[in-house]
>>> print(open('final11.cif').read())   # mmCIF, C-alpha atoms
data_data
loop_
_atom_site.label_atom_id
_atom_site.label_comp_id
_atom_site.auth_asym_id
_atom_site.auth_seq_id
_atom_site.Cartn_x
_atom_site.Cartn_y
_atom_site.Cartn_z
CA MET A 232 -10.20 -41.99 -105.98
CA VAL A 233 -10.42 -39.50 -108.75
CA ALA A 234 -13.40 -37.19 -108.31
CA THR A 235 -16.24 -37.09 -110.79
CA VAL A 236 -16.28 -33.62 -112.31
CA ASN A 237 -18.87 -32.16 -114.64
CA VAL A 238 -18.70 -28.80 -116.39
CA GLN A 239 -22.00 -27.05 -115.74
CA GLN A 240 -23.76 -23.98 -117.07
CA ALA A 241 -26.19 -22.22 -114.73
CA VAL A 242 -29.26 -20.76 -116.38
CA GLY A 243 -32.35 -18.73 -115.50
CA GLY A 244 -33.87 -18.28 -112.07
CA SER A 245 -33.10 -15.12 -110.13
CA ASP A 246 -30.07 -13.44 -108.62
CA GLY A 247 -28.52 -15.82 -106.12
CA SER A 248 -30.65 -18.73 -107.29
CA PRO A 249 -30.19 -20.24 -110.74
CA ALA A 250 -33.13 -22.17 -112.12
CA SER A 251 -30.89 -25.03 -113.17
CA TYR A 252 -27.35 -26.31 -113.49
CA ASN A 253 -26.83 -28.18 -116.73
CA ASN A 254 -24.04 -30.60 -117.56
CA VAL A 255 -22.28 -29.42 -120.70
CA THR A 256 -22.40 -32.33 -123.14
CA ALA A 257 -22.95 -30.52 -126.45
CA SER A 258 -21.93 -27.23 -128.00
CA THR A 259 -21.81 -24.12 -125.82
CA ARG A 260 -23.22 -21.00 -127.48
CA LEU A 261 -22.90 -17.35 -126.53
CA GLN A 262 -26.08 -15.78 -127.83
CA THR A 263 -28.69 -13.15 -127.09
CA LYS A 264 -30.88 -15.26 -124.85
CA ASP A 265 -30.35 -16.90 -121.46
CA GLN A 266 -30.77 -20.57 -122.36
CA PHE A 267 -28.72 -23.73 -122.23
CA ALA A 268 -27.36 -25.62 -125.26
CA PRO A 269 -29.80 -24.43 -127.93
CA ALA A 270 -30.08 -26.76 -130.88
CA ASP A 271 -30.49 -23.87 -133.32
CA MET A 272 -29.00 -20.45 -133.94
CA SER A 273 -32.16 -18.40 -133.37
CA TYR A 274 -30.51 -15.85 -131.12
CA PRO A 275 -27.28 -14.72 -132.81
CA ILE A 276 -25.45 -11.59 -131.69
CA PRO A 277 -26.35 -8.92 -134.30
CA ILE A 278 -23.59 -6.78 -135.78
CA PRO A 279 -24.20 -3.23 -134.54
CA THR A 280 -24.24 -0.19 -136.80
CA SER A 281 -22.08 1.51 -134.19
CA GLY A 282 -20.75 0.73 -130.74
CA PHE A 283 -21.01 -2.84 -129.51
CA LYS A 284 -23.50 -5.65 -129.10
CA TYR A 285 -23.06 -8.26 -126.37
CA SER A 286 -24.07 -11.82 -125.80
CA TYR A 287 -25.93 -12.66 -122.64
CA TRP A 288 -23.28 -13.63 -120.10
CA ILE A 289 -23.04 -17.27 -119.04
CA HIS A 290 -21.90 -18.84 -115.75
CA VAL A 291 -19.75 -21.98 -116.13
CA CYS A 292 -18.57 -23.90 -113.07
CA LEU A 293 -17.30 -27.35 -112.12
CA ASP A 294 -19.61 -29.72 -110.27
CA LEU A 295 -17.61 -31.97 -107.93
CA SER A 296 -18.78 -35.35 -106.68
CA GLY A 297 -17.44 -38.78 -105.84
CA THR A 298 -14.67 -39.56 -103.36
CA PHE A 299 -11.69 -37.26 -102.93
CA THR A 300 -9.65 -35.73 -100.12
CA LYS A 301 -9.24 -32.17 -101.40
CA ILE A 302 -9.68 -30.18 -104.62
CA ASN A 303 -8.50 -26.61 -105.08
CA ASN A 304 -6.70 -24.18 -107.39
CA VAL A 305 -9.26 -24.07 -110.23
CA ARG A 306 -7.77 -22.20 -113.20
CA PHE A 307 -9.23 -21.19 -116.57
CA TYR A 308 -7.49 -20.39 -119.84
CA SER A 309 -7.60 -20.39 -123.63
CA ASP A 310 -4.90 -21.20 -126.17
CA GLY A 311 -4.08 -17.47 -126.29
CA SER A 312 -6.08 -16.69 -129.39
CA ILE A 313 -9.84 -16.64 -129.90
CA GLY A 314 -10.38 -17.02 -133.64
CA TRP A 315 -13.79 -15.41 -133.82
CA ASN A 316 -14.57 -12.36 -135.96
CA PHE A 317 -15.56 -9.94 -133.22
CA GLY A 318 -14.50 -6.79 -135.08
CA THR A 319 -12.35 -3.99 -133.71
CA ASN A 320 -12.07 -4.20 -129.90
CA GLY A 321 -14.52 -7.07 -129.83
CA GLU A 322 -13.58 -9.99 -127.63
CA LEU A 323 -14.53 -13.01 -125.60
CA ARG A 324 -14.28 -11.69 -122.07
CA ARG A 325 -14.75 -12.98 -118.55
CA GLY A 326 -15.77 -11.35 -115.32
CA ASN A 327 -12.70 -9.99 -113.53
CA ARG A 328 -12.04 -9.07 -109.91
CA ASP A 329 -9.43 -6.52 -108.86
CA SER A 330 -8.07 -8.99 -106.29
CA GLY A 331 -8.66 -12.56 -105.17
CA ASP A 332 -10.37 -15.25 -107.18
CA HIS A 333 -11.95 -14.20 -110.46
CA GLY A 334 -14.70 -16.80 -110.13
CA CYS A 335 -18.21 -15.98 -109.05
CA LEU A 336 -19.31 -17.81 -105.88
CA MET A 337 -22.27 -20.04 -106.69
CA PRO A 338 -25.07 -19.60 -106.07
CA SER A 339 -24.81 -16.55 -103.79
CA GLU A 340 -23.16 -14.23 -106.34
CA TYR A 341 -25.01 -15.60 -109.36
CA ASP A 342 -26.53 -12.76 -111.36
CA VAL A 343 -29.13 -13.83 -113.88
CA ALA A 344 -28.22 -12.76 -117.43
CA THR A 345 -30.23 -9.84 -118.76
CA GLY A 346 -30.61 -7.81 -121.93
CA THR A 347 -32.94 -7.56 -124.91
CA GLU A 348 -33.49 -10.95 -126.49
CA ALA A 349 -32.31 -11.29 -130.08
CA ASP A 350 -30.62 -7.88 -129.85
CA THR A 351 -27.99 -7.58 -127.10
CA GLY A 352 -27.14 -8.69 -123.62
CA ASP A 353 -26.28 -6.17 -120.94
CA ALA A 354 -22.54 -5.61 -120.65
CA ILE A 355 -20.93 -7.16 -117.56
CA GLU A 356 -19.52 -3.75 -116.62
CA ASP A 357 -22.79 -1.83 -117.06
CA GLU A 358 -23.26 0.22 -113.88
CA THR A 359 -27.01 -0.36 -113.77
CA ASN A 360 -27.72 -3.67 -115.44
CA GLY A 361 -24.30 -5.32 -115.40
CA HIS A 362 -23.16 -8.29 -113.37
CA GLY A 363 -23.34 -7.28 -109.72
CA TYR A 364 -20.23 -9.22 -108.69
CA TYR A 365 -18.04 -7.47 -111.26
CA ASN A 366 -19.50 -4.14 -112.34
CA THR A 367 -18.04 -2.14 -109.45
CA GLN A 368 -14.51 -3.41 -110.02
CA THR A 369 -11.84 -1.12 -111.46
CA THR A 370 -11.31 -3.67 -114.23
CA PRO A 371 -14.58 -5.60 -114.43
CA THR A 372 -13.71 -7.73 -117.47
CA ALA A 373 -10.62 -9.41 -118.94
CA ASN A 374 -9.97 -10.71 -122.43
CA VAL A 375 -10.00 -14.52 -122.38
CA ALA A 376 -7.29 -14.52 -125.06
CA SER A 377 -4.98 -13.16 -122.36
CA ASP A 378 -5.67 -16.17 -120.12
CA THR A 379 -3.16 -18.78 -121.20
CA GLU A 380 -1.90 -22.08 -119.83
CA ALA A 381 1.25 -20.29 -118.65
CA SER A 382 -0.78 -17.46 -117.11
CA PRO A 383 -4.28 -18.73 -116.36
CA ALA A 384 -7.07 -16.90 -114.55
CA LEU A 385 -7.44 -18.16 -110.98
CA ILE A 386 -11.14 -18.95 -110.64
CA ASP A 387 -11.31 -20.66 -107.26
CA SER A 388 -8.45 -21.01 -104.77
CA THR A 389 -10.55 -22.37 -101.91
CA ASP A 390 -10.57 -25.98 -100.73
CA HIS A 391 -13.39 -28.33 -101.64
CA THR A 392 -13.66 -31.59 -99.74
CA ALA A 393 -17.22 -32.64 -100.48
CA ALA A 394 -19.69 -32.74 -103.35
CA GLU A 395 -20.32 -29.12 -104.33
CA LYS A 396 -19.79 -26.55 -107.06
CA THR A 397 -16.71 -24.45 -107.62
CA LYS A 398 -16.87 -20.75 -108.31
CA ALA A 399 -17.95 -19.99 -111.89
CA VAL A 400 -16.22 -18.22 -114.73
CA VAL A 401 -18.59 -15.66 -116.27
CA LEU A 402 -18.20 -15.36 -120.05
CA GLN A 403 -19.55 -12.87 -122.59
CA CYS A 404 -18.89 -11.90 -126.23
CA ARG A 405 -18.53 -8.28 -127.32
CA VAL A 406 -19.09 -7.63 -131.03
CA ALA A 407 -18.18 -4.47 -133.00
CA ASN A 408 -19.66 -3.00 -136.18
CA ASP A 409 -16.90 -4.39 -138.40
CA ALA A 410 -17.40 -7.97 -137.22
CA VAL A 411 -17.95 -10.69 -139.84
CA GLN A 412 -21.33 -12.43 -139.87
CA GLY A 413 -21.58 -16.20 -139.48
CA GLU A 414 -21.27 -19.12 -137.13
CA GLN A 415 -17.81 -18.96 -135.59
CA SER A 416 -15.16 -21.64 -135.39
CA ASP A 417 -14.63 -24.15 -132.61
CA GLU A 418 -12.65 -22.81 -129.66
CA THR A 419 -11.27 -24.78 -126.76
CA LEU A 420 -11.48 -23.33 -123.27
CA SER A 421 -9.76 -25.20 -120.47
CA PHE A 422 -10.18 -25.70 -116.75
CA LYS A 423 -7.42 -27.08 -114.54
CA TYR A 424 -7.68 -28.09 -110.91
CA ASP A 425 -5.57 -29.92 -108.34
CA GLU A 426 -6.73 -32.98 -106.43
CA ILE A 427 -5.53 -35.44 -103.82
CA MET B 280 -16.75 -41.49 -118.29
CA GLN B 281 -16.73 -38.23 -116.31
CA TYR B 282 -13.17 -38.59 -115.09
CA ARG B 283 -9.73 -39.36 -116.42
CA PRO B 284 -8.68 -42.88 -115.37
CA LEU B 285 -5.66 -42.96 -113.10
CA THR B 286 -2.41 -44.39 -114.43
CA LEU B 287 -0.34 -43.92 -111.26
CA PHE B 288 -1.05 -44.24 -107.55
CA TRP B 289 0.92 -43.17 -104.49
CA ILE B 290 2.81 -45.30 -101.99
CA ALA B 291 4.21 -43.82 -98.76
CA GLU B 292 7.00 -45.59 -96.87
CA PHE B 293 7.39 -44.77 -93.20
CA SER B 294 10.45 -44.57 -90.97
CA ASP B 295 9.15 -47.47 -88.86
CA GLY B 296 9.51 -49.80 -91.84
CA THR B 297 5.82 -49.95 -92.74
CA ALA B 298 4.24 -48.65 -95.94
CA LEU B 299 0.85 -47.44 -97.10
CA SER B 300 -0.52 -47.74 -100.62
CA GLN B 301 -3.33 -45.62 -102.07
CA PHE B 302 -4.94 -48.90 -103.08
CA ASP B 303 -4.79 -51.99 -100.91
CA PRO B 304 -2.86 -54.57 -102.96
CA GLU B 305 -5.10 -57.37 -101.68
CA THR B 306 -8.54 -55.78 -101.92
CA GLY B 307 -8.16 -52.78 -104.27
CA GLU B 308 -9.88 -50.55 -101.72
CA GLU B 309 -8.66 -47.00 -101.48
CA VAL B 310 -6.99 -45.13 -98.64
CA LYS B 311 -7.35 -41.35 -98.77
CA GLY B 312 -4.18 -39.34 -99.27
CA HIS B 313 -2.80 -36.92 -96.72
CA PRO B 314 -4.55 -33.54 -97.12
CA ASP B 315 -1.27 -31.72 -96.42
CA TRP B 316 0.17 -33.11 -99.67
CA LEU B 317 -1.94 -30.66 -101.68
CA PRO B 318 -1.07 -27.16 -100.38
CA SER B 319 -3.99 -24.93 -99.42
CA LYS B 320 -4.11 -21.17 -99.72
CA THR B 321 -3.87 -19.67 -96.23
CA ASP B 322 -4.57 -16.13 -95.10
CA GLU B 323 -2.35 -13.99 -92.88
CA ASN B 324 -3.71 -15.77 -89.78
CA GLY B 325 -3.01 -19.24 -91.14
CA ASN B 326 -6.68 -19.90 -91.82
CA ILE B 327 -7.96 -21.60 -94.92
CA GLU B 328 -11.31 -21.44 -96.66
CA LYS B 329 -12.81 -24.92 -96.87
CA ASP B 330 -16.27 -25.68 -98.22
CA GLY B 331 -17.25 -22.04 -97.70
CA LYS B 332 -15.95 -21.75 -94.10
CA LYS B 333 -12.77 -20.11 -92.73
CA LEU B 334 -10.94 -22.40 -90.34
CA PRO B 335 -7.49 -22.87 -88.81
CA TYR B 336 -5.67 -25.32 -91.04
CA ARG B 337 -5.27 -28.19 -88.59
CA GLU B 338 -8.85 -27.85 -87.42
CA ALA B 339 -9.95 -28.16 -91.03
CA TYR B 340 -7.60 -31.04 -91.71
CA PRO B 341 -6.81 -33.25 -88.71
CA ILE B 342 -4.02 -35.72 -89.44
CA PRO B 343 -5.71 -38.84 -90.84
CA GLN B 344 -5.62 -41.86 -88.54
CA HIS B 345 -3.41 -43.88 -90.88
CA PHE B 346 -0.73 -41.13 -90.86
CA ARG B 347 -0.72 -40.39 -87.10
CA ASN B 348 2.62 -40.81 -85.32
CA LYS B 349 4.23 -41.77 -88.61
CA THR B 350 7.05 -40.10 -90.51
CA VAL B 351 7.10 -40.53 -94.27
CA LYS B 352 10.63 -41.29 -95.42
CA ARG B 353 9.88 -42.08 -99.06
CA LEU B 354 6.96 -41.15 -101.29
CA GLY B 355 6.24 -41.90 -104.92
CA TRP B 356 3.92 -42.50 -107.84
CA TYR B 357 3.71 -46.10 -109.04
CA PRO B 358 2.07 -47.76 -112.07
CA PHE B 359 -0.82 -50.19 -111.71
CA SER B 360 -0.22 -53.86 -112.39
CA PHE B 361 -2.96 -55.68 -114.29
CA SER B 362 -4.00 -57.54 -111.17
CA LEU B 363 -4.22 -54.38 -109.04
CA ALA B 364 -6.15 -52.56 -111.78
CA LYS B 365 -8.65 -55.43 -111.77
CA ARG B 366 -8.97 -55.33 -107.96
CA VAL B 367 -9.44 -51.56 -107.97
CA TYR B 368 -12.23 -51.86 -110.51
CA GLU B 369 -13.91 -54.62 -108.52
CA ALA B 370 -13.64 -52.63 -105.28
CA THR B 371 -14.48 -49.13 -106.52
CA GLY B 372 -16.16 -49.50 -109.90
CA LYS B 373 -13.65 -47.06 -111.34
CA THR B 374 -11.32 -47.77 -114.22
CA VAL B 375 -7.57 -47.36 -113.84
CA PHE B 376 -5.01 -48.09 -116.53
CA PRO B 377 -2.17 -50.54 -115.88
CA SER B 378 1.22 -49.94 -117.45
CA ALA B 379 4.84 -51.00 -117.35
CA SER B 380 6.16 -47.50 -116.70
CA GLU B 381 8.84 -46.93 -114.09
CA PRO B 382 7.83 -45.72 -110.63
CA ILE B 383 9.11 -42.34 -109.47
CA ALA B 384 9.80 -41.85 -105.76
CA ILE B 385 11.68 -39.38 -103.60
CA ASN B 386 13.43 -39.68 -100.25
CA LEU B 387 12.27 -37.33 -97.52
CA SER B 388 13.99 -35.86 -94.49
CA PRO B 389 11.99 -35.64 -91.24
CA ASP B 390 11.46 -31.88 -91.69
CA ASP B 391 10.44 -32.06 -95.35
CA ARG B 392 6.87 -31.17 -96.26
CA PRO B 393 5.95 -33.49 -99.11
CA VAL B 394 3.89 -32.37 -102.10
CA CYS B 395 1.96 -35.11 -103.87
CA TYR B 396 -1.20 -34.52 -105.88
CA ARG B 397 -2.71 -34.70 -109.35
CA SER B 398 -3.41 -31.78 -111.67
CA HIS B 399 -6.42 -32.46 -113.90
CA GLU B 400 -7.48 -30.66 -117.07
CA ILE B 401 -10.93 -30.46 -118.65
CA LYS B 402 -11.32 -28.97 -122.11
CA LEU B 403 -14.59 -27.34 -123.12
CA HIS B 404 -15.13 -27.40 -126.89
CA THR B 405 -17.46 -24.55 -127.76
CA ARG B 406 -18.74 -25.66 -131.15
CA SER B 407 -17.84 -29.29 -131.74
CA GLY B 408 -19.43 -29.85 -128.39
CA GLY B 409 -18.93 -31.42 -125.05
CA VAL B 410 -16.02 -31.74 -122.70
CA GLU B 411 -12.81 -33.69 -122.88
CA TYR B 412 -11.03 -35.07 -119.84
CA ALA B 413 -7.47 -34.33 -120.86
CA GLU B 414 -4.19 -35.75 -119.56
CA THR B 415 -3.50 -35.78 -115.85
CA VAL B 416 -0.20 -34.51 -114.48
CA TYR B 417 1.13 -36.18 -111.33
CA VAL B 418 3.01 -33.83 -109.01
CA LEU B 419 5.67 -34.95 -106.54
CA GLY B 420 8.25 -33.07 -104.49
CA VAL B 421 9.01 -31.13 -101.35
CA LYS B 422 7.53 -27.74 -100.55
CA GLY B 423 10.21 -25.08 -101.05
CA LYS B 424 12.45 -27.50 -102.92
CA ARG B 425 12.23 -29.27 -106.27
CA VAL B 426 8.76 -30.36 -107.40
CA LEU B 427 8.43 -32.83 -110.30
CA HIS B 428 5.62 -32.86 -112.84
CA ILE B 429 5.08 -36.36 -114.25
CA ASP B 430 2.93 -37.36 -117.21
CA GLU B 431 0.57 -40.32 -117.36
CA ASN B 432 3.36 -42.52 -118.73
CA GLY B 433 5.55 -41.86 -115.73
CA GLU B 434 7.88 -39.47 -117.56
CA VAL B 435 9.10 -36.34 -115.80
CA ILE B 436 8.02 -33.40 -117.96
CA ASP B 437 9.04 -30.49 -115.76
#
>>> encode(input="final11.cif", output="C-alpha cells")
Amino acid sequence: MVATVNVQQAVGGSDGSPASYNNVTASTRLQTKDQFAPADMSYPIPIPTSGFKYSYWIHVCLDLSGTFTKINNVRFYSDGSIGWNFGTNGELRRGNRDSGDHGCLMPSEYDVATGTEADTGDAIEDETNGHGYYNTQTTPTANVASDTEASPALIDSTDHTAAEKTKAVVLQCRVANDAVQGEQSDETLSFKYDEI
Amino acid sequence: MQYRPLTLFWIAEFSDGTALSQFDPETGEEVKGHPDWLPSKTDENGNIEKDGKKLPYREAYPIPQHFRNKTVKRLGWYPFSFSLAKRVYEATGKTVFPSASEPIAINLSPDDRPVCYRSHEIKLHTRSGGVEYAETVYVLGVKGKRVLHIDENGEVID
C-alpha cells in the first residue's frame, strides 16, 4: 500500500540529536532563530549594511511509515526561480556535497542551527561555526533555484524498507544589503521519491 | 490524508498461466510488490545500502515467496473497479480511487528485468502553509529498454 509520508523539520537539541521532529502543517519560515513554525515574524533576517546576513539553517526530511516494500531516490527541487528579494548574490541555498547524496543523514549528521538570534545565523560554509556535514566540501552550498524538476538535487539514494526518516535537505537564506524589506511571497519546494 | 490515494494497481501474469494482483479481488488485501521492480543504487561490489546497512542485493531482498519459481510474462497497471476500491478500503482502511481508465500492460521476455513502481511528489508551500500530496506517476517498462511514465488517469505522459 502507499506509504504514509510526512514532511518534517528537525529543531533544537544538540549535534546528532535533534530535540524534536515536527510535521510541517503550516507555513515554513527561514528566520534568525531555531524554532519550528512560528506564528509571528519576530525573528526576521535583517538587511545588512554590508556583506550578508543569513537565516538559521533548517533540516527538512521525509518521515516514512505505513506498509511499503521499498522507497528510494528522494529528490528535491524548486520551480527554477525563487521570487524573494534577497539582494545581489543573495539566495535560498541548500547544503551541498561534492559527491554522493546531498542530504544530511538523520540524526547522526544533524548539526543544530547556530548564530545570533534576531541578527544572523551562521553560514553553512563557515569554517568554524558552519554545518559540519557541509563546511569542508569544495562547494558547500548550492542555489535552490538551480534545482529544477528536470535536474533535481538527489537527497537520498538509499533504500528504505521500514518506518524511518530519509536524509534531510538543509536550507538557508542569504540576504544582501540591497535586499527589499518585507514578508516574502509563497514559494513551492518539492520532494519526489519512488516507491513499490 | 497523508498520502495520495492510488488510482492504479499492478497485476503480474506468469508463464504458468497464473496471475497475481496487488490487491486480492475477493478480499481487497494487499500483496507486496517485487522489490526488484524498483531499481536500487548499487556500489561497485553490487552491494546496496538498505536501512543504513550495506548488503549484497539478494541478501537484502530475497525473492518474495509469491514470486519464487515464477516467470512474469506480462505486467501492467490497472484501474480500480468500484467494488475492488470498496474491498480495499474495508481491508486496509486506505482510500483508492476507482476509474474507467484503460489498463496499460507490457509483455516480457524471460530475460527481461521489469520496472514497475510509483513516483510520488510532495509540495511544500513555504508561506501559504502545509504540504500537498501531488499527482503520482506510475512507471512501467523493462530495464535498459523503454520505460513508460503513466499519469493517474492511465495516460502515458512520457
>>> resolve_selection(input="final11.cif", expression="the PyMOL selection byres ((chain B and resi 334) around 12)", output="VMD selection string")
(chain A and resid 389 to 390) or (chain B and resid 319 to 322 324 to 333 335 to 341)
>>> resolve_selection(input="final11.cif", expression="the PyMOL selection byres ((chain A and resi 364-369) around 9)", output="PDB file with C-alpha atoms, in the frame of the given file")
ATOM      1  CA  GLY A 326     -15.770 -11.350-115.320  1.00  0.00           C
ATOM      2  CA  ASN A 327     -12.700  -9.990-113.530  1.00  0.00           C
ATOM      3  CA  ARG A 328     -12.040  -9.070-109.910  1.00  0.00           C
ATOM      4  CA  ASP A 329      -9.430  -6.520-108.860  1.00  0.00           C
ATOM      5  CA  CYS A 335     -18.210 -15.980-109.050  1.00  0.00           C
ATOM      6  CA  GLU A 340     -23.160 -14.230-106.340  1.00  0.00           C
ATOM      7  CA  TYR A 341     -25.010 -15.600-109.360  1.00  0.00           C
ATOM      8  CA  ASP A 342     -26.530 -12.760-111.360  1.00  0.00           C
ATOM      9  CA  ALA A 354     -22.540  -5.610-120.650  1.00  0.00           C
ATOM     10  CA  ILE A 355     -20.930  -7.160-117.560  1.00  0.00           C
ATOM     11  CA  GLU A 356     -19.520  -3.750-116.620  1.00  0.00           C
ATOM     12  CA  ASP A 357     -22.790  -1.830-117.060  1.00  0.00           C
ATOM     13  CA  GLU A 358     -23.260   0.220-113.880  1.00  0.00           C
ATOM     14  CA  THR A 359     -27.010  -0.360-113.770  1.00  0.00           C
ATOM     15  CA  ASN A 360     -27.720  -3.670-115.440  1.00  0.00           C
ATOM     16  CA  GLY A 361     -24.300  -5.320-115.400  1.00  0.00           C
ATOM     17  CA  HIS A 362     -23.160  -8.290-113.370  1.00  0.00           C
ATOM     18  CA  GLY A 363     -23.340  -7.280-109.720  1.00  0.00           C
ATOM     19  CA  THR A 370     -11.310  -3.670-114.230  1.00  0.00           C
ATOM     20  CA  PRO A 371     -14.580  -5.600-114.430  1.00  0.00           C
ATOM     21  CA  THR A 372     -13.710  -7.730-117.470  1.00  0.00           C
TER      22      THR A 372
END
>>> interface_residues(input="final11.cif", of="chain A", to="chain B", cutoff="8 Å", atoms="all atoms listed in the file", output="ChimeraX atom specification")
/A:232-238,255-260,299-301,303,388-393,416-427
>>> resolve_selection(input="final11.cif", expression="the PyMOL selection byres ((chain A and resi 319) around 12)", output="PyMOL selection string")
chain A and resi 278-279+281-283+315-318+320-322+405-411
>>> residues_around(input="final11.cif", residues="Asp332 (chain A)", least_positions_apart="6", cutoff="6 Å", atoms="only C-alpha atoms", output="PDB file with C-alpha atoms, keeping the file's coordinate frame")
ATOM      1  CA  LEU A 385      -7.440 -18.160-110.980  1.00  0.00           C
ATOM      2  CA  ILE A 386     -11.140 -18.950-110.640  1.00  0.00           C
ATOM      3  CA  ASP A 387     -11.310 -20.660-107.260  1.00  0.00           C
TER       4      ASP A 387
END
>>> decode(input="final11.cif", residues="region 366-378 of chain B", atoms="N, CA and C atoms", output="CSV table (one decimal), in the first residue's frame")
chain,number,residue,atom,x,y,z
B,366,ARG,N,-13.6,-2.9,-1.4
B,366,ARG,CA,-12.9,-4.0,-0.6
B,366,ARG,C,-11.6,-3.6,-0.1
B,367,VAL,N,-10.8,-2.8,-0.9
B,367,VAL,CA,-9.5,-2.4,-0.4
B,367,VAL,C,-9.7,-1.5,0.8
B,368,TYR,N,-10.7,-0.6,0.8
B,368,TYR,CA,-10.9,0.3,1.9
B,368,TYR,C,-11.3,-0.5,3.1
B,369,GLU,N,-12.1,-1.5,2.9
B,369,GLU,CA,-12.6,-2.3,4.1
B,369,GLU,C,-11.4,-3.2,4.6
B,370,ALA,N,-10.5,-3.6,3.8
B,370,ALA,CA,-9.4,-4.4,4.2
B,370,ALA,C,-8.2,-3.7,4.8
B,371,THR,N,-8.0,-2.5,4.2
B,371,THR,CA,-6.7,-1.7,4.6
B,371,THR,C,-7.0,-0.4,5.3
B,372,GLY,N,-8.2,0.1,5.2
B,372,GLY,CA,-8.5,1.4,5.7
B,372,GLY,C,-8.0,2.6,4.9
B,373,LYS,N,-7.4,2.2,3.7
B,373,LYS,CA,-6.9,3.3,2.8
B,373,LYS,C,-7.8,3.5,1.6
B,374,THR,N,-7.9,4.8,1.3
B,374,THR,CA,-8.7,5.1,0.1
B,374,THR,C,-8.0,4.9,-1.2
B,375,VAL,N,-8.7,4.3,-2.1
B,375,VAL,CA,-8.2,4.3,-3.5
B,375,VAL,C,-9.3,4.8,-4.4
B,376,PHE,N,-8.9,5.3,-5.6
B,376,PHE,CA,-9.9,5.9,-6.4
B,376,PHE,C,-10.2,5.0,-7.6
B,377,PRO,N,-11.5,4.6,-7.8
B,377,PRO,CA,-11.9,3.8,-9.0
B,377,PRO,C,-12.0,4.7,-10.2
B,378,SER,N,-11.8,4.1,-11.4
B,378,SER,CA,-11.9,4.9,-12.6
B,378,SER,C,-12.2,3.9,-13.8
